[in-house]
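A.B. asks: File entry_8.txt follows (compact mmCIF, C-alpha atoms):
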# COMPACT_ATOMS: atom_id res chain seq x y z
CA MET A 13 25.38 32.08 -12.73
CA LEU A 14 28.89 31.60 -11.36
CA ARG A 15 27.60 32.08 -7.82
CA LYS A 16 24.89 29.43 -8.39
CA ASN A 17 27.46 26.93 -9.73
CA PHE A 18 29.73 27.63 -6.77
CA ARG A 19 26.85 26.98 -4.34
CA GLN A 20 25.98 23.73 -6.11
CA GLN A 21 29.60 22.57 -5.99
CA ASN A 22 29.80 23.62 -2.35
CA ASN A 23 26.70 21.54 -1.58
CA LYS A 24 28.33 18.49 -3.19
CA VAL A 25 31.46 18.98 -1.12
CA GLU A 26 29.31 19.39 2.00
CA VAL A 27 27.50 16.12 1.31
CA TRP A 28 30.60 14.07 0.63
CA SER A 29 32.49 15.52 3.59
CA ARG A 30 29.59 14.45 5.79
CA VAL A 31 29.55 10.98 4.22
CA PHE A 32 33.18 10.23 4.86
CA LYS A 33 32.94 11.07 8.56
CA PHE A 34 30.90 7.93 9.17
CA THR A 35 31.67 4.25 8.99
CA PRO A 36 30.26 2.30 6.03
CA LEU A 37 27.56 0.63 8.12
CA THR A 38 26.28 3.82 9.77
CA PHE A 39 26.59 6.54 7.17
CA PRO A 40 23.51 5.51 5.11
CA HIS A 41 21.37 6.49 8.10
CA HIS A 42 23.11 9.87 8.21
CA LEU A 43 22.49 10.35 4.49
CA PHE A 44 18.74 9.88 5.04
CA THR A 45 18.61 12.48 7.78
CA THR A 46 20.84 14.85 5.82
CA TYR A 47 18.73 14.77 2.69
CA GLU A 48 15.43 15.16 4.48
CA LYS A 49 16.68 18.27 6.28
CA SER A 50 18.66 19.85 3.44
CA SER A 51 18.24 21.77 0.23
CA VAL A 52 16.99 20.00 -2.87
CA HIS A 53 20.49 19.86 -4.34
CA VAL A 54 21.95 18.25 -1.23
CA ALA A 55 19.01 15.83 -1.07
CA GLU A 56 19.61 14.77 -4.67
CA GLN A 57 23.33 14.21 -3.99
CA CYS A 58 22.50 12.10 -0.92
CA ALA A 59 20.01 10.08 -2.97
CA TRP A 60 22.68 9.51 -5.65
CA ALA A 61 25.07 8.25 -2.96
CA ILE A 62 22.41 5.89 -1.64
CA GLY A 63 21.67 4.67 -5.19
CA ASN A 64 25.36 3.99 -5.77
CA LEU A 65 25.55 2.04 -2.53
CA ALA A 66 22.42 0.06 -3.43
CA GLY A 67 24.00 -0.83 -6.75
CA GLU A 68 26.87 -2.54 -4.94
CA GLY A 69 24.82 -5.65 -4.27
CA VAL A 70 22.25 -7.43 -2.19
CA GLU A 71 24.10 -7.07 1.11
CA MET A 72 24.32 -3.29 0.84
CA ARG A 73 20.68 -3.06 -0.35
CA ASN A 74 19.63 -5.02 2.72
CA ILE A 75 21.60 -2.66 4.98
CA LEU A 76 20.03 0.38 3.32
CA LEU A 77 16.54 -1.09 3.57
CA ALA A 78 17.07 -2.07 7.22
CA GLN A 79 18.18 1.51 7.96
CA GLY A 80 14.98 2.92 6.46
CA ALA A 81 16.02 4.10 2.99
CA LEU A 82 12.74 3.29 1.27
CA PRO A 83 10.22 5.71 2.85
CA PRO A 84 12.19 8.95 2.32
CA LEU A 85 13.05 7.95 -1.25
CA ALA A 86 9.40 7.11 -1.93
CA ARG A 87 8.51 10.61 -0.70
CA MET A 88 11.21 12.07 -2.92
CA LEU A 89 9.60 10.36 -5.94
CA LEU A 90 6.47 12.44 -5.29
CA SER A 91 8.34 15.61 -6.25
CA ASN A 92 7.20 17.61 -9.27
CA ARG A 93 10.80 18.70 -9.82
CA GLY A 94 12.15 16.59 -12.71
CA SER A 95 15.71 16.15 -11.45
CA THR A 96 14.51 15.18 -7.98
CA ALA A 97 12.00 12.63 -9.30
CA ARG A 98 14.58 11.21 -11.76
CA THR A 99 17.15 10.81 -9.00
CA ALA A 100 14.61 9.19 -6.68
CA ALA A 101 13.43 6.80 -9.40
CA TRP A 102 17.00 5.82 -10.30
CA THR A 103 17.85 5.26 -6.64
CA LEU A 104 14.64 3.31 -5.98
CA SER A 105 15.24 1.05 -8.97
CA ASN A 106 18.68 0.20 -7.55
CA LEU A 107 17.22 -0.32 -4.10
CA ILE A 108 14.30 -2.61 -4.99
CA LYS A 109 15.87 -4.74 -7.71
CA GLY A 110 15.84 -7.83 -5.60
CA PRO A 111 16.02 -10.63 -5.04
CA ASP A 112 13.79 -10.02 -1.99
CA PRO A 113 10.32 -8.80 -3.08
CA LYS A 114 9.56 -7.09 0.26
CA ALA A 115 11.02 -3.74 -0.82
CA ALA A 116 8.96 -3.74 -4.02
CA MET A 117 5.79 -4.54 -2.07
CA ASP A 118 6.57 -1.83 0.49
CA LEU A 119 7.19 0.70 -2.29
CA ILE A 120 3.94 0.04 -4.15
CA LYS A 121 2.07 0.36 -0.82
CA SER A 122 3.72 3.73 -0.11
CA ASN A 123 1.26 6.59 -0.10
CA GLY A 124 1.16 8.35 -3.47
CA VAL A 125 3.80 6.26 -5.26
CA LEU A 126 1.52 4.71 -7.88
CA GLU A 127 -0.08 8.09 -8.59
CA SER A 128 3.39 9.61 -8.85
CA ILE A 129 4.50 6.95 -11.34
CA ILE A 130 1.44 7.76 -13.45
CA GLN A 131 2.04 11.51 -13.18
CA HIS A 132 5.70 11.16 -14.22
CA LEU A 133 4.86 8.91 -17.18
CA LYS A 134 2.45 11.58 -18.44
CA LYS A 135 5.16 14.25 -18.53
CA MET A 136 7.09 14.94 -21.72
CA ASP A 137 10.40 14.09 -20.05
CA ASP A 138 11.92 10.98 -21.64
CA GLU A 139 14.71 10.73 -19.05
CA LEU A 140 12.18 10.77 -16.22
CA ALA A 141 9.97 8.25 -18.03
CA THR A 142 12.98 5.97 -18.49
CA GLU A 143 13.93 6.03 -14.81
CA VAL A 144 10.30 5.51 -13.77
CA SER A 145 10.08 2.62 -16.26
CA TRP A 146 12.95 0.90 -14.47
CA VAL A 147 11.01 1.22 -11.21
CA VAL A 148 7.98 -0.31 -12.96
CA VAL A 149 10.14 -3.17 -14.30
CA TYR A 150 11.44 -4.10 -10.85
CA LEU A 151 8.05 -3.65 -9.20
CA SER A 152 6.41 -5.94 -11.74
CA ALA A 153 9.22 -8.52 -11.58
CA LEU A 154 9.10 -8.81 -7.80
CA SER A 155 5.57 -8.14 -6.64
CA ASN A 156 2.26 -9.59 -7.78
CA LEU A 157 0.58 -6.88 -5.74
CA ALA A 158 2.42 -4.25 -7.77
CA VAL A 159 1.44 -5.94 -11.03
CA ASN A 160 -2.22 -5.99 -10.00
CA GLU A 161 -2.15 -2.34 -8.91
CA MET A 162 -0.40 -1.19 -12.09
CA VAL A 163 -2.76 -3.16 -14.35
CA LYS A 164 -5.77 -1.61 -12.61
CA SER A 165 -4.26 1.86 -13.06
CA GLU A 166 -3.11 3.72 -16.17
CA VAL A 167 0.51 2.56 -15.95
CA VAL A 168 0.43 -0.11 -18.68
CA HIS A 169 -1.55 2.10 -21.05
CA LEU A 170 0.81 5.03 -20.46
CA LEU A 171 3.89 2.89 -21.04
CA VAL A 172 2.49 1.59 -24.32
CA GLU A 173 1.63 5.14 -25.41
CA ARG A 174 5.12 6.38 -24.47
CA LEU A 175 6.77 3.55 -26.37
CA ALA A 176 4.65 4.16 -29.46
CA ALA A 177 5.35 7.90 -29.45
CA SER A 178 8.98 7.97 -28.35
CA GLU A 179 11.98 7.83 -30.61
CA GLN A 180 14.29 7.40 -27.63
CA LEU A 181 16.02 4.04 -27.38
CA GLN A 182 16.68 4.66 -23.68
CA LEU A 183 12.96 4.29 -22.94
CA LEU A 184 12.75 1.04 -24.89
CA ILE A 185 15.50 -0.70 -22.90
CA PRO A 186 13.74 -1.12 -19.52
CA THR A 187 10.48 -2.19 -21.12
CA VAL A 188 11.90 -4.69 -23.62
CA CYS A 189 14.92 -5.97 -21.70
CA PRO A 190 13.51 -6.33 -18.21
CA TYR A 191 15.15 -7.68 -15.10
Represent the supplied structure as structure tokens.
C.D. replies:
Amino acid sequence: MLRKNFRQQNNKVEVWSRVFKFTPLTFPHHLFTTYEKSSVHVAEQCAWAIGNLAGEGVEMRNILLAQGALPPLARMLLSNRGSTARTAAWTLSNLIKGPDPKAAMDLIKSNGVLESIIQHLKKMDDELATEVSWVVVYLSALSNLAVNEMVKSEVVHLLVERLAASEQLQLLIPTVCPY
């Protein structure tokens, strides 16, 4: 157990030491390559860093999108590993929250994303469902294409079922207090 914790902490140090070697405008690109070639733990830490950067505002989101952040994060959302999917969903919701709808349209067109949203909403993981719900909120707020695709799929039905069955306030927030 102690060895596992040490390795996880070491991975975090490795990620952040790599991050700080690059200038603010170039290190997002290095984060993408690092997390696609690294262990799951390093990938999740890189995605968290990207999500934090995306949360800084429109200018940083535009830089991240221009450097290709969306496709690898969309692939990360396809993971069956709960922590990986949660991290990807959280990061994607920060990345696509606007005001430009292009990122939302690109995400909904990404291979397997809609199916992954459905799959994650079916799981009994309220934290994952909450993060995925935020992605759904931003997709539906910014893209008519996304709304049409989600209405044709099971997404709306699954969200209503989750809300009716859940006692978790955290799941209610993205669906009642959208964008």
A.B. asks: Which residue gives the smallest distance to Asn106 in chain A among A:Leu170, A:Leu175, A:Tyr150, A:Gly63, with all atoms listed in the file counted?
C.D. replies: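 When distances to Asn106 in chain A are compared using all atoms listed in the file, the smallest one comes from A:Gly63.
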A.B. asks: With all atoms listed in the file as the atoms that count, which of A:Met117, A:Val144, A:Ala100, A:Leu171 lies nearest to Ala61 in chain A?
C.D. replies: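 Of A:Met117, A:Val144, A:Ala100, A:Leu171, the one nearest Ala61 in chain A is A:Ala100, counting all atoms listed in the file.
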A.B. asks: When you count all atoms listed in the file, which of these residues is closest to Ala101 in chain A: A:Asn74, A:Gln131, A:Gln79, A:Thr142?
C.D. replies: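 The answer is A:Thr142, which sits nearest to Ala101 in chain A.
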A.B. asks: Would you give the centre and edge lengths, in Å to one decimal, of a box along x, y and z around the listed atoms of range 141-152 of chain A, with 5 Å added to each side, as JSON?
C.D. replies:
{"center_x": 10.2, "center_y": 1.2, "center_z": -13.8, "size_x": 17.5, "size_y": 24.2, "size_z": 19.3}
A.B. asks: List as an mmCIF file with C-alpha atoms, in the frame of the given file: which residues have an atom within 10 Å of (13.2, -6.1, -0.6), counting all atoms listed in the file?
C.D. replies:
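So the final result, stored in out-v6.cif, reads:
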data_model
loop_
_atom_site.group_PDB
_atom_site.id
_atom_site.type_symbol
_atom_site.label_atom_id
_atom_site.label_comp_id
_atom_site.auth_asym_id
_atom_site.auth_seq_id
_atom_site.Cartn_x
_atom_site.Cartn_y
_atom_site.Cartn_z
ATOM 1 C CA VAL A 70 22.250 -7.430 -2.190
ATOM 2 C CA ARG A 73 20.680 -3.060 -0.350
ATOM 3 C CA ASN A 74 19.630 -5.020 2.720
ATOM 4 C CA LEU A 77 16.540 -1.090 3.570
ATOM 5 C CA ALA A 78 17.070 -2.070 7.220
ATOM 6 C CA LEU A 82 12.740 3.290 1.270
ATOM 7 C CA LEU A 107 17.220 -0.320 -4.100
ATOM 8 C CA ILE A 108 14.300 -2.610 -4.990
ATOM 9 C CA LYS A 109 15.870 -4.740 -7.710
ATOM 10 C CA GLY A 110 15.840 -7.830 -5.600
ATOM 11 C CA PRO A 111 16.020 -10.630 -5.040
ATOM 12 C CA ASP A 112 13.790 -10.020 -1.990
ATOM 13 C CA PRO A 113 10.320 -8.800 -3.080
ATOM 14 C CA LYS A 114 9.560 -7.090 0.260
ATOM 15 C CA ALA A 115 11.020 -3.740 -0.820
ATOM 16 C CA ALA A 116 8.960 -3.740 -4.020
ATOM 17 C CA MET A 117 5.790 -4.540 -2.070
ATOM 18 C CA ASP A 118 6.570 -1.830 0.490
ATOM 19 C CA LEU A 119 7.190 0.700 -2.290
ATOM 20 C CA LEU A 154 9.100 -8.810 -7.800
ATOM 21 C CA SER A 155 5.570 -8.140 -6.640
#
